[in-house]
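Structure file structure04.csv (CSV, C-alpha atoms) is printed below.
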```
chain,number,residue,atom,x,y,z
B,1,MET,CA,0.0,0.0,0.0
B,2,SER,CA,2.7,2.6,0.8
B,3,THR,CA,6.4,3.1,0.9
B,4,ASN,CA,6.9,2.8,4.7
B,5,GLY,CA,5.5,6.3,5.4
B,6,LYS,CA,8.4,8.1,3.9
B,7,LEU,CA,8.5,10.9,1.3
B,8,ASP,CA,11.3,11.9,-1.0
B,9,VAL,CA,10.9,15.0,-3.2
B,10,GLN,CA,13.0,15.4,-6.4
B,11,THR,CA,13.2,18.7,-8.2
B,12,ALA,CA,13.9,19.6,-11.8
B,13,ILE,CA,13.8,22.9,-13.7
B,14,ALA,CA,12.8,23.1,-17.4
B,15,GLY,CA,12.9,26.7,-18.5
B,16,ASP,CA,10.2,28.6,-16.7
B,17,THR,CA,8.8,25.4,-15.2
B,18,ALA,CA,9.7,23.8,-11.9
B,19,ILE,CA,8.8,20.1,-11.6
B,20,LEU,CA,8.5,18.5,-8.2
B,21,THR,CA,8.4,14.8,-8.0
B,22,PRO,CA,7.3,13.5,-4.6
B,23,VAL,CA,7.6,9.8,-4.1
B,24,GLY,CA,6.0,8.0,-1.2
B,25,ASP,CA,3.3,9.0,1.3
B,26,ILE,CA,2.1,12.5,1.9
B,27,ASP,CA,0.7,12.7,5.4
B,28,ILE,CA,0.9,15.0,8.5
B,29,ASN,CA,4.4,13.6,9.2
B,30,THR,CA,5.9,14.1,5.7
B,31,GLN,CA,4.0,17.1,4.3
B,32,PRO,CA,6.5,19.6,5.7
B,33,VAL,CA,9.0,18.1,3.2
B,34,LEU,CA,6.7,18.7,0.3
B,35,ALA,CA,5.7,22.1,1.7
B,36,ALA,CA,9.3,23.3,1.9
B,37,ALA,CA,10.1,22.2,-1.6
B,38,ILE,CA,7.0,23.9,-3.0
B,39,LYS,CA,7.8,27.1,-1.1
B,40,GLN,CA,11.4,27.1,-2.4
B,41,ARG,CA,10.3,26.7,-6.1
B,42,GLN,CA,7.3,28.9,-6.0
B,43,THR,CA,9.4,31.9,-4.8
B,44,GLU,CA,12.1,31.5,-7.4
B,45,ASN,CA,12.5,34.2,-10.0
B,46,GLY,CA,11.7,33.1,-13.5
B,47,ILE,CA,9.4,30.2,-12.5
B,48,ILE,CA,5.9,30.8,-13.9
B,49,ARG,CA,4.7,27.2,-13.7
B,50,LEU,CA,5.0,24.6,-10.9
B,51,VAL,CA,4.2,21.1,-11.8
B,52,ILE,CA,3.8,18.5,-9.1
B,53,ASP,CA,4.2,15.1,-10.6
B,54,LEU,CA,2.1,12.8,-8.4
B,55,THR,CA,2.9,9.6,-10.2
B,56,GLY,CA,4.9,8.3,-7.3
B,57,VAL,CA,2.5,9.3,-4.5
B,58,SER,CA,0.8,6.2,-3.3
B,59,TYR,CA,-1.0,7.8,-0.4
B,60,MET,CA,-2.2,11.3,0.5
B,61,ASP,CA,-4.4,12.4,3.4
B,62,SER,CA,-5.9,15.8,4.1
B,63,SER,CA,-2.5,17.2,5.3
B,64,GLY,CA,-1.3,16.7,1.7
B,65,VAL,CA,-4.4,18.2,0.4
B,66,ALA,CA,-3.9,21.2,2.6
B,67,THR,CA,-0.3,21.6,1.3
B,68,LEU,CA,-1.6,21.6,-2.2
B,69,VAL,CA,-4.3,24.1,-1.4
B,70,GLN,CA,-1.7,26.4,0.1
B,71,ALA,CA,0.4,26.0,-3.0
B,72,LEU,CA,-2.6,26.9,-5.1
B,73,GLN,CA,-3.2,30.0,-3.0
B,74,THR,CA,0.4,31.1,-3.4
B,75,ALA,CA,0.3,30.5,-7.2
B,76,ARG,CA,-2.8,32.6,-7.5
B,77,LYS,CA,-1.3,35.5,-5.5
B,78,ARG,CA,1.9,35.3,-7.6
B,79,ASN,CA,-0.1,34.9,-10.9
B,80,THR,CA,1.7,31.7,-11.7
B,81,LYS,CA,0.4,28.3,-12.6
B,82,LEU,CA,0.1,25.1,-10.5
B,83,VAL,CA,-0.5,21.8,-12.3
B,84,LEU,CA,-1.0,18.4,-10.7
B,85,ALA,CA,0.2,15.6,-13.0
B,86,ALA,CA,-0.8,12.0,-13.1
B,87,PRO,CA,-2.3,11.4,-9.7
B,88,GLN,CA,-2.9,7.8,-8.8
B,89,GLN,CA,-6.6,6.9,-8.3
B,90,ARG,CA,-6.3,6.9,-4.5
B,91,VAL,CA,-4.9,10.5,-4.6
B,92,LEU,CA,-7.5,11.6,-7.1
B,93,THR,CA,-10.2,10.2,-4.9
B,94,ILE,CA,-9.3,12.3,-1.9
B,95,LEU,CA,-9.3,15.4,-4.1
B,96,GLN,CA,-12.7,14.4,-5.3
B,97,ILE,CA,-14.0,13.9,-1.8
B,98,ALA,CA,-12.7,17.4,-0.9
B,99,ARG,CA,-14.4,18.7,-4.1
B,100,LEU,CA,-11.0,20.1,-5.3
B,101,ASP,CA,-10.7,18.0,-8.4
B,102,SER,CA,-12.3,20.8,-10.4
B,103,VAL,CA,-10.4,23.5,-8.6
B,104,PHE,CA,-6.9,22.2,-9.3
B,105,ARG,CA,-5.6,21.9,-12.9
B,106,ILE,CA,-5.0,18.1,-13.1
B,107,VAL,CA,-3.6,16.4,-16.1
B,108,GLY,CA,-2.9,12.8,-16.9
B,109,ASP,CA,0.8,12.9,-17.7
B,110,LEU,CA,3.8,15.0,-17.0
B,111,GLU,CA,4.4,16.1,-20.6
B,112,SER,CA,1.0,17.7,-20.8
B,113,ALA,CA,1.5,19.4,-17.5
B,114,LYS,CA,4.6,21.2,-18.8
B,115,SER,CA,2.6,22.9,-21.5
B,116,VAL,CA,-0.4,24.0,-19.5
X,1,MET,CA,-19.1,-1.5,23.6
X,2,ASP,CA,-20.3,-4.9,22.5
X,3,GLY,CA,-17.7,-7.7,22.2
X,4,GLN,CA,-14.0,-7.8,22.5
X,5,PRO,CA,-12.1,-6.4,19.6
X,6,ASN,CA,-10.2,-8.7,17.4
X,7,ILE,CA,-7.2,-6.3,17.6
X,8,ARG,CA,-6.6,-3.6,20.1
X,9,LEU,CA,-3.5,-1.4,19.7
X,10,GLN,CA,-2.2,1.5,21.8
X,11,ILE,CA,0.1,4.0,20.3
X,12,GLN,CA,1.6,7.3,21.4
X,13,SER,CA,0.3,10.4,19.7
X,14,ASN,CA,3.4,10.7,17.6
X,15,THR,CA,2.8,11.2,13.9
X,16,LEU,CA,5.6,8.8,13.2
X,17,PHE,CA,3.3,5.9,13.9
X,18,LEU,CA,0.6,6.8,11.5
X,19,SER,CA,1.9,4.9,8.6
X,20,GLY,CA,2.2,1.7,10.6
X,21,VAL,CA,-1.4,2.0,11.8
X,22,ARG,CA,-2.5,2.6,8.2
X,23,GLU,CA,-0.7,-0.5,7.0
X,24,LEU,CA,-2.3,-2.6,9.8
X,25,VAL,CA,-5.8,-1.4,9.0
X,26,TYR,CA,-5.3,-1.9,5.3
X,27,HIS,CA,-4.0,-5.4,5.6
X,28,VAL,CA,-6.5,-6.6,8.2
X,29,ALA,CA,-9.3,-5.2,6.0
X,30,SER,CA,-7.8,-7.0,3.0
X,31,ARG,CA,-7.5,-10.3,4.9
X,32,VAL,CA,-11.1,-10.3,6.0
X,33,GLY,CA,-12.3,-9.7,2.5
X,34,PHE,CA,-12.5,-6.1,1.6
X,35,CYS,CA,-11.4,-4.9,-1.8
X,36,ASP,CA,-8.3,-2.8,-2.3
X,37,GLU,CA,-10.3,0.4,-2.7
X,38,HIS,CA,-12.2,0.0,0.6
X,39,CYS,CA,-9.1,-1.1,2.4
X,40,GLY,CA,-7.5,2.2,1.3
X,41,GLN,CA,-10.5,4.2,2.4
X,42,MET,CA,-10.5,2.7,5.9
X,43,ALA,CA,-6.8,3.3,6.2
X,44,LEU,CA,-7.4,6.9,5.2
X,45,ALA,CA,-10.3,7.3,7.7
X,46,VAL,CA,-8.2,6.0,10.5
X,47,ASP,CA,-5.3,8.3,9.6
X,48,GLU,CA,-7.7,11.3,9.6
X,49,ALA,CA,-9.2,10.3,12.9
X,50,ILE,CA,-5.9,9.9,14.6
X,51,CYS,CA,-4.6,13.1,13.2
X,52,ASN,CA,-7.6,14.9,14.6
X,53,VAL,CA,-6.9,13.4,18.0
X,54,ILE,CA,-3.2,14.5,17.8
X,55,ARG,CA,-4.0,18.0,16.6
X,56,HIS,CA,-7.2,18.9,18.4
X,57,GLY,CA,-7.4,16.5,21.3
X,58,TYR,CA,-3.8,16.5,22.4
X,59,GLY,CA,-2.5,19.8,20.9
X,60,ARG,CA,0.2,17.9,19.1
X,61,ALA,CA,1.7,16.5,22.2
X,62,PRO,CA,3.6,13.4,21.0
X,63,ASP,CA,3.4,11.2,24.1
X,64,ARG,CA,-0.3,10.8,24.9
X,65,PRO,CA,-2.2,7.5,24.4
X,66,ILE,CA,-4.5,6.7,21.5
X,67,TRP,CA,-6.2,3.3,21.3
X,68,ILE,CA,-7.3,1.7,18.1
X,69,SER,CA,-9.6,-1.3,18.2
X,70,LEU,CA,-10.7,-3.4,15.2
X,71,HIS,CA,-13.8,-5.5,15.4
X,72,CYS,CA,-14.5,-7.9,12.5
X,73,ASP,CA,-18.3,-8.0,12.8
X,74,GLY,CA,-19.7,-11.3,11.7
X,75,GLY,CA,-16.6,-13.2,12.7
X,76,ILE,CA,-13.4,-14.2,10.9
X,77,ALA,CA,-12.5,-17.1,8.7
X,78,THR,CA,-11.7,-20.4,10.3
X,79,PRO,CA,-11.1,-23.8,8.8
X,80,ASP,CA,-14.9,-24.4,9.2
X,81,THR,CA,-15.8,-21.5,7.0
X,82,HIS,CA,-14.1,-23.2,4.0
X,83,GLY,CA,-12.0,-20.2,2.9
X,84,THR,CA,-15.0,-17.7,2.9
X,85,SER,CA,-14.8,-14.8,5.1
X,86,PRO,CA,-17.8,-14.3,7.3
X,87,THR,CA,-16.9,-10.8,8.2
X,88,THR,CA,-19.8,-8.5,7.3
X,89,ALA,CA,-18.2,-5.2,8.4
X,90,LEU,CA,-15.1,-3.8,10.0
X,91,ARG,CA,-15.8,-1.6,13.0
X,92,ILE,CA,-12.9,0.6,13.9
X,93,VAL,CA,-12.9,2.4,17.3
X,94,ILE,CA,-10.5,5.3,18.1
X,95,GLU,CA,-10.3,6.3,21.7
X,96,ASP,CA,-8.3,8.9,23.6
X,97,GLU,CA,-8.1,10.6,26.9
X,98,ALA,CA,-8.3,14.2,25.7
X,99,ARG,CA,-10.7,16.8,27.0
X,100,GLN,CA,-14.3,16.0,26.0
X,101,VAL,CA,-15.8,18.3,23.4
X,102,ASP,CA,-19.4,19.1,22.5
X,103,ILE,CA,-20.2,16.4,19.8
X,104,ALA,CA,-22.5,18.9,18.0
X,105,THR,CA,-19.4,20.9,17.1
X,106,ILE,CA,-17.7,18.0,15.3
X,107,LYS,CA,-18.9,18.5,11.8
X,108,SER,CA,-17.7,19.1,8.3
X,109,ARG,CA,-16.9,22.6,7.2
X,110,ASP,CA,-18.2,24.4,4.1
X,111,LEU,CA,-16.3,22.9,1.2
X,112,ASP,CA,-17.1,25.8,-1.1
X,113,GLU,CA,-14.5,27.8,0.8
X,114,ILE,CA,-11.2,26.9,-0.8
X,115,ARG,CA,-8.7,26.9,2.1
X,116,PRO,CA,-6.3,24.4,3.6
X,117,GLY,CA,-7.3,22.2,6.5
X,118,GLY,CA,-10.5,21.2,8.2
X,119,LEU,CA,-11.3,18.2,5.9
X,120,GLY,CA,-10.8,15.3,8.3
X,121,VAL,CA,-14.3,15.0,9.6
X,122,HIS,CA,-15.7,15.3,6.1
X,123,ILE,CA,-13.4,12.6,4.7
X,124,ILE,CA,-14.3,10.2,7.5
X,125,GLN,CA,-18.0,10.7,6.9
X,126,GLN,CA,-17.6,10.2,3.1
X,127,VAL,CA,-15.6,7.0,3.1
X,128,MET,CA,-17.1,5.2,6.1
X,129,ASP,CA,-20.7,3.8,6.2
X,130,ASP,CA,-21.4,4.8,9.8
X,131,VAL,CA,-19.6,7.3,12.0
X,132,LYS,CA,-20.4,8.0,15.7
X,133,TYR,CA,-18.7,10.3,18.1
X,134,GLU,CA,-19.2,9.8,21.9
X,135,HIS,CA,-17.8,10.9,25.2
X,136,ARG,CA,-16.0,8.1,27.0
X,137,SER,CA,-17.7,7.3,30.3
X,138,ASP,CA,-15.0,5.1,31.6
X,139,HIS,CA,-12.1,7.5,31.9
X,140,ASN,CA,-12.7,10.0,34.7
X,141,GLY,CA,-14.6,12.5,32.6
X,142,LEU,CA,-12.0,12.5,29.9
X,143,GLY,CA,-11.7,11.0,26.5
X,144,MET,CA,-13.5,10.8,23.2
X,145,ARG,CA,-14.5,7.7,21.3
X,146,LEU,CA,-15.0,7.6,17.5
X,147,THR,CA,-16.6,4.5,16.0
X,148,MET,CA,-16.4,4.0,12.3
X,149,THR,CA,-17.9,1.1,10.4
X,150,LYS,CA,-17.4,-0.1,6.8
X,151,VAL,CA,-19.7,-2.7,5.5
X,152,ARG,CA,-18.5,-5.3,3.0
X,153,GLY,CA,-20.3,-4.7,-0.3
X,154,PRO,CA,-22.0,-7.4,-2.3
X,155,HIS,CA,-19.1,-7.8,-4.7
X,156,GLU,CA,-16.8,-8.4,-1.7
X,157,HIS,CA,-18.9,-11.4,-0.6
X,158,SER,CA,-18.4,-13.2,-3.9
X,159,GLY,CA,-14.8,-14.4,-3.2
X,160,PRO,CA,-12.9,-16.2,-0.5
X,161,ALA,CA,-10.9,-14.6,2.3
X,162,GLU,CA,-7.4,-13.8,1.1
X,163,THR,CA,-5.0,-16.7,1.3
X,164,ASP,CA,-1.4,-16.3,2.5
X,165,ASP,CA,-0.1,-16.4,-1.0
X,166,GLN,CA,-2.5,-13.7,-2.1
X,167,ALA,CA,-1.5,-11.5,0.8
X,168,GLU,CA,2.2,-11.9,-0.1
X,169,ASP,CA,1.4,-10.9,-3.7
X,170,ALA,CA,-0.7,-7.9,-2.6
X,171,SER,CA,1.9,-6.5,-0.2
X,172,GLY,CA,4.3,-6.0,-3.1
X,173,LYS,CA,1.9,-3.9,-5.2
X,174,ALA,CA,1.3,-0.2,-5.0
X,175,SER,CA,-2.3,0.8,-5.5
X,176,ALA,CA,-2.7,-1.4,-8.5
X,177,GLY,CA,-5.0,-3.8,-6.7
X,178,SER,CA,-8.5,-4.8,-7.9
X,179,ALA,CA,-10.7,-1.7,-8.2
X,180,CYS,CA,-14.1,-1.9,-6.6
X,181,SER,CA,-16.9,-2.4,-9.0
X,182,ASP,CA,-19.2,-1.4,-6.2
X,183,ALA,CA,-20.7,2.1,-6.7
X,184,ALA,CA,-20.1,2.7,-3.0
X,185,SER,CA,-16.4,3.0,-3.8
X,186,GLN,CA,-17.1,6.4,-5.4
X,187,PRO,CA,-17.2,9.5,-3.2
X,188,LYS,CA,-20.7,9.7,-1.7
X,189,ASP,CA,-21.6,13.1,-3.0
X,190,GLN,CA,-19.9,14.3,-6.2
X,191,GLY,CA,-21.9,17.5,-6.5
X,192,ARG,CA,-24.7,19.5,-5.0
```
Representation of the structure as structure tokens:
Amino acid sequence: MSTNGKLDVQTAIAGDTAILTPVGDIDINTQPVLAAAIKQRQTENGIIRLVIDLTGVSYMDSSGVATLVQALQTARKRNTKLVLAAPQQRVLTILQIARLDSVFRIVGDLESAKSV
Amino acid sequence: MDGQPNIRLQIQSNTLFLSGVRELVYHVASRVGFCDEHCGQMALAVDEAICNVIRHGYGRAPDRPIWISLHCDGGIATPDTHGTSPTTALRIVIEDEARQVDIATIKSRDLDEIRPGGLGVHIIQQVMDDVKYEHRSDHNGLGMRLTMTKVRGPHEHSGPAETDDQAEDASGKASAGSACSDAASQPKDQGR
């Protein structure tokens, strides 16, 4: 079901796009790791698009949702874009439960996310 | 509470232990015959419930007790049940010794407001079939009890309880397990 409750976040830059790739579980224990990575990239000069590639996230609870919502609020304030890419069904389901699946820009693959 | 739990676990209110509890709930639910989707939902509900205790009940103190009890209502498979799980529902009880709060104040927030936080109660109510909050009466005026129940759907009664081989196979997979064909696996209210 999960990767032992741990979370690793990789970062890549492609032009004006920052791509964060969290791998593992996003819960109350690990969300600070993701939150810090998001904050670092969203405040970088020249970044107009933040893509969070959720392919490797096998579990997310409301703490993770809260982190994404905060990222969305920051993106709106800075007039930048936030795109969620390739969430697993379990992650998509919690976004649906929270009625946020139509609030976030969610695409099915990373390549599409880079051109949103 | 009626009947002894099949499993009773005490943890400290340290978020480090959440993933272990999730895994336990997931795998017990799987072994008594729930589909992958429902196992994941129960793990999520337990996670949210424990987080609420840690945050709101204990103010994030990491050394307070939380008890998690699992009741396999209907019984569990034995050699006499010929490989079919008799479990009809999984009842999960979360107890603490935090200050008691007015139960009427435990409710979902308005989801039209897009802001972080405050989703735990809503998520629990969405994924579990029955949710009940109570004051504990056995703990010197302290403590809350949350009872959450998930009923096995019709499609989950069609197959046998998971064998040891199937459990070993499932533990190596991510979330690629069998999807529920039951409509109940979808979020309860998709729109207003």
Point-to-point distance from atom CA of Ile11 of chain X to atom CA of Asp63 of chain X, Å rounded to tenths: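 Separation between atom CA of Ile11 of chain X and atom CA of Asp63 of chain X: 8.8 Å.
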Residue contacts of Asp101 of chain B (12 Å, all atoms listed in the file) excluding same-chain residues fewer than 2 positions away, as a list in words: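 Residues meeting the cut-off are Val65, Leu68, Val69, Val83, Leu84, Pro87, Gln89, Val91, Leu92, Thr93, Ile94, Leu95, Gln96, Ile97, Ala98, Arg99, Val103, Phe104, Arg105, Ile106 and Val107 of chain B; Ile114, Pro187, Gln190 and Gly191 of chain X.
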Residue neighbourhood segment 20-23 of chain B, 8 Å, all atoms listed in the file, exclusion window fewer than 5 positions, as a list in words: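 After dropping sequence-adjacent residues, the list is Leu7, Asp8, Val9, Gln10, Thr11, Ala12, Leu34, Ala37, Ile38, Leu50, Val51, Ile52, Asp53, Leu54, Thr55, Gly56, Val57 and Ser58 of chain B.
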Let's have the selection written as a PDB file, in the frame of the given file, with C-alpha atoms.
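Below you can see again-v8.pdb, which holds the result:
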```pdb
ATOM      1  CA  LEU B   7       8.500  10.900   1.300  1.00  0.00           C
ATOM      2  CA  ASP B   8      11.300  11.900  -1.000  1.00  0.00           C
ATOM      3  CA  VAL B   9      10.900  15.000  -3.200  1.00  0.00           C
ATOM      4  CA  GLN B  10      13.000  15.400  -6.400  1.00  0.00           C
ATOM      5  CA  THR B  11      13.200  18.700  -8.200  1.00  0.00           C
ATOM      6  CA  ALA B  12      13.900  19.600 -11.800  1.00  0.00           C
ATOM      7  CA  LEU B  34       6.700  18.700   0.300  1.00  0.00           C
ATOM      8  CA  ALA B  37      10.100  22.200  -1.600  1.00  0.00           C
ATOM      9  CA  ILE B  38       7.000  23.900  -3.000  1.00  0.00           C
ATOM     10  CA  LEU B  50       5.000  24.600 -10.900  1.00  0.00           C
ATOM     11  CA  VAL B  51       4.200  21.100 -11.800  1.00  0.00           C
ATOM     12  CA  ILE B  52       3.800  18.500  -9.100  1.00  0.00           C
ATOM     13  CA  ASP B  53       4.200  15.100 -10.600  1.00  0.00           C
ATOM     14  CA  LEU B  54       2.100  12.800  -8.400  1.00  0.00           C
ATOM     15  CA  THR B  55       2.900   9.600 -10.200  1.00  0.00           C
ATOM     16  CA  GLY B  56       4.900   8.300  -7.300  1.00  0.00           C
ATOM     17  CA  VAL B  57       2.500   9.300  -4.500  1.00  0.00           C
ATOM     18  CA  SER B  58       0.800   6.200  -3.300  1.00  0.00           C
TER      19      SER B  58
END
```
Spatial neighbours of Arg145 of chain X, max dist 6 Å, all atoms listed in the file, sep filter under 3 positions, as a list in words: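 In the requested form, the answer reads Ile94, Glu95, Tyr133, Glu134 and Arg136 of chain X.
Closest approach to chain B among X:Asn6, X:Gln100, X:Gln126, X:Asn52 is made by X:Gln126 (distances from all atoms listed in the file).
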Straight-line distance linking atom CA of Ala98 of chain X with atom CA of Gly57 of chain X, stated in Å to one decimal: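 The value is 5.0 Å.
Distances here use only C-alpha atoms; by that measure, the residue among X:Cys72, X:Leu44, X:Cys35, X:Leu146 closest to Gln4 of chain X is X:Cys72.
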Nearest residue to Ile92 of chain X from the set X:Ala43, X:Leu16, X:Val32, X:Met144 (distances using only C-alpha atoms):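 Closest to Ile92 of chain X of all the choices is X:Ala43.
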Among listed residues X:Val127, X:Val101, X:Ala89, X:Val28, nearest chain B (using all atoms listed in the file):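 Of X:Val127, X:Val101, X:Ala89, X:Val28, the one nearest chain B is X:Val127, counting all atoms listed in the file.
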Distance in Å - atom CA of Gly40 of chain X versus atom CA of Gly83 of chain X: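 Straight-line distance from atom CA of Gly40 of chain X to atom CA of Gly83 of chain X works out to 22.9 Å.
Closest to Pro86 of chain X among X:Val151, X:Ile50, X:Val25, X:Ala104 is X:Val151, based on only C-alpha atoms.
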From X:Val121, X:Val93, X:Ile54, X:Ile7, residue lying nearest Thr147 of chain X [all atoms listed in the file]: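 Going through X:Val121, X:Val93, X:Ile54, X:Ile7 one by one, the smallest distance to Thr147 of chain X is for X:Val93.
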Would you mind listing what lies within 6 Å of Ile47 of chain B as a PDB file with C-alpha atoms, in the frame of the given file, with all atoms listed in the file counted and same-chain residues fewer than 3 positions away left out?
```pdb
ATOM      1  CA  ASP B  16      10.200  28.600 -16.700  1.00  0.00           C
ATOM      2  CA  THR B  17       8.800  25.400 -15.200  1.00  0.00           C
ATOM      3  CA  GLU B  44      12.100  31.500  -7.400  1.00  0.00           C
TER       4      GLU B  44
END
```
Distance query Arg22 of chain X at most 12 Å, all atoms listed in the file, self and fewer than 5 positions along chain excluded, as a PyMOL selection string: (chain B and resi 1-5+25+27+59-61) or (chain X and resi 15-17+27-29+39-51+68)
Writer output for current selection, C-alpha atoms, as a PDB file, in the frame of the given file:
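Contents of the output file selection-v9.pdb:
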```pdb
ATOM      1  CA  MET B   1       0.000   0.000   0.000  1.00  0.00           C
ATOM      2  CA  SER B   2       2.700   2.600   0.800  1.00  0.00           C
ATOM      3  CA  THR B   3       6.400   3.100   0.900  1.00  0.00           C
ATOM      4  CA  ASN B   4       6.900   2.800   4.700  1.00  0.00           C
ATOM      5  CA  GLY B   5       5.500   6.300   5.400  1.00  0.00           C
ATOM      6  CA  ASP B  25       3.300   9.000   1.300  1.00  0.00           C
ATOM      7  CA  ASP B  27       0.700  12.700   5.400  1.00  0.00           C
ATOM      8  CA  TYR B  59      -1.000   7.800  -0.400  1.00  0.00           C
ATOM      9  CA  MET B  60      -2.200  11.300   0.500  1.00  0.00           C
ATOM     10  CA  ASP B  61      -4.400  12.400   3.400  1.00  0.00           C
TER      11      ASP B  61
ATOM     12  CA  THR X  15       2.800  11.200  13.900  1.00  0.00           C
ATOM     13  CA  LEU X  16       5.600   8.800  13.200  1.00  0.00           C
ATOM     14  CA  PHE X  17       3.300   5.900  13.900  1.00  0.00           C
ATOM     15  CA  HIS X  27      -4.000  -5.400   5.600  1.00  0.00           C
ATOM     16  CA  VAL X  28      -6.500  -6.600   8.200  1.00  0.00           C
ATOM     17  CA  ALA X  29      -9.300  -5.200   6.000  1.00  0.00           C
ATOM     18  CA  CYS X  39      -9.100  -1.100   2.400  1.00  0.00           C
ATOM     19  CA  GLY X  40      -7.500   2.200   1.300  1.00  0.00           C
ATOM     20  CA  GLN X  41     -10.500   4.200   2.400  1.00  0.00           C
ATOM     21  CA  MET X  42     -10.500   2.700   5.900  1.00  0.00           C
ATOM     22  CA  ALA X  43      -6.800   3.300   6.200  1.00  0.00           C
ATOM     23  CA  LEU X  44      -7.400   6.900   5.200  1.00  0.00           C
ATOM     24  CA  ALA X  45     -10.300   7.300   7.700  1.00  0.00           C
ATOM     25  CA  VAL X  46      -8.200   6.000  10.500  1.00  0.00           C
ATOM     26  CA  ASP X  47      -5.300   8.300   9.600  1.00  0.00           C
ATOM     27  CA  GLU X  48      -7.700  11.300   9.600  1.00  0.00           C
ATOM     28  CA  ALA X  49      -9.200  10.300  12.900  1.00  0.00           C
ATOM     29  CA  ILE X  50      -5.900   9.900  14.600  1.00  0.00           C
ATOM     30  CA  CYS X  51      -4.600  13.100  13.200  1.00  0.00           C
ATOM     31  CA  ILE X  68      -7.300   1.700  18.100  1.00  0.00           C
TER      32      ILE X  68
END
```
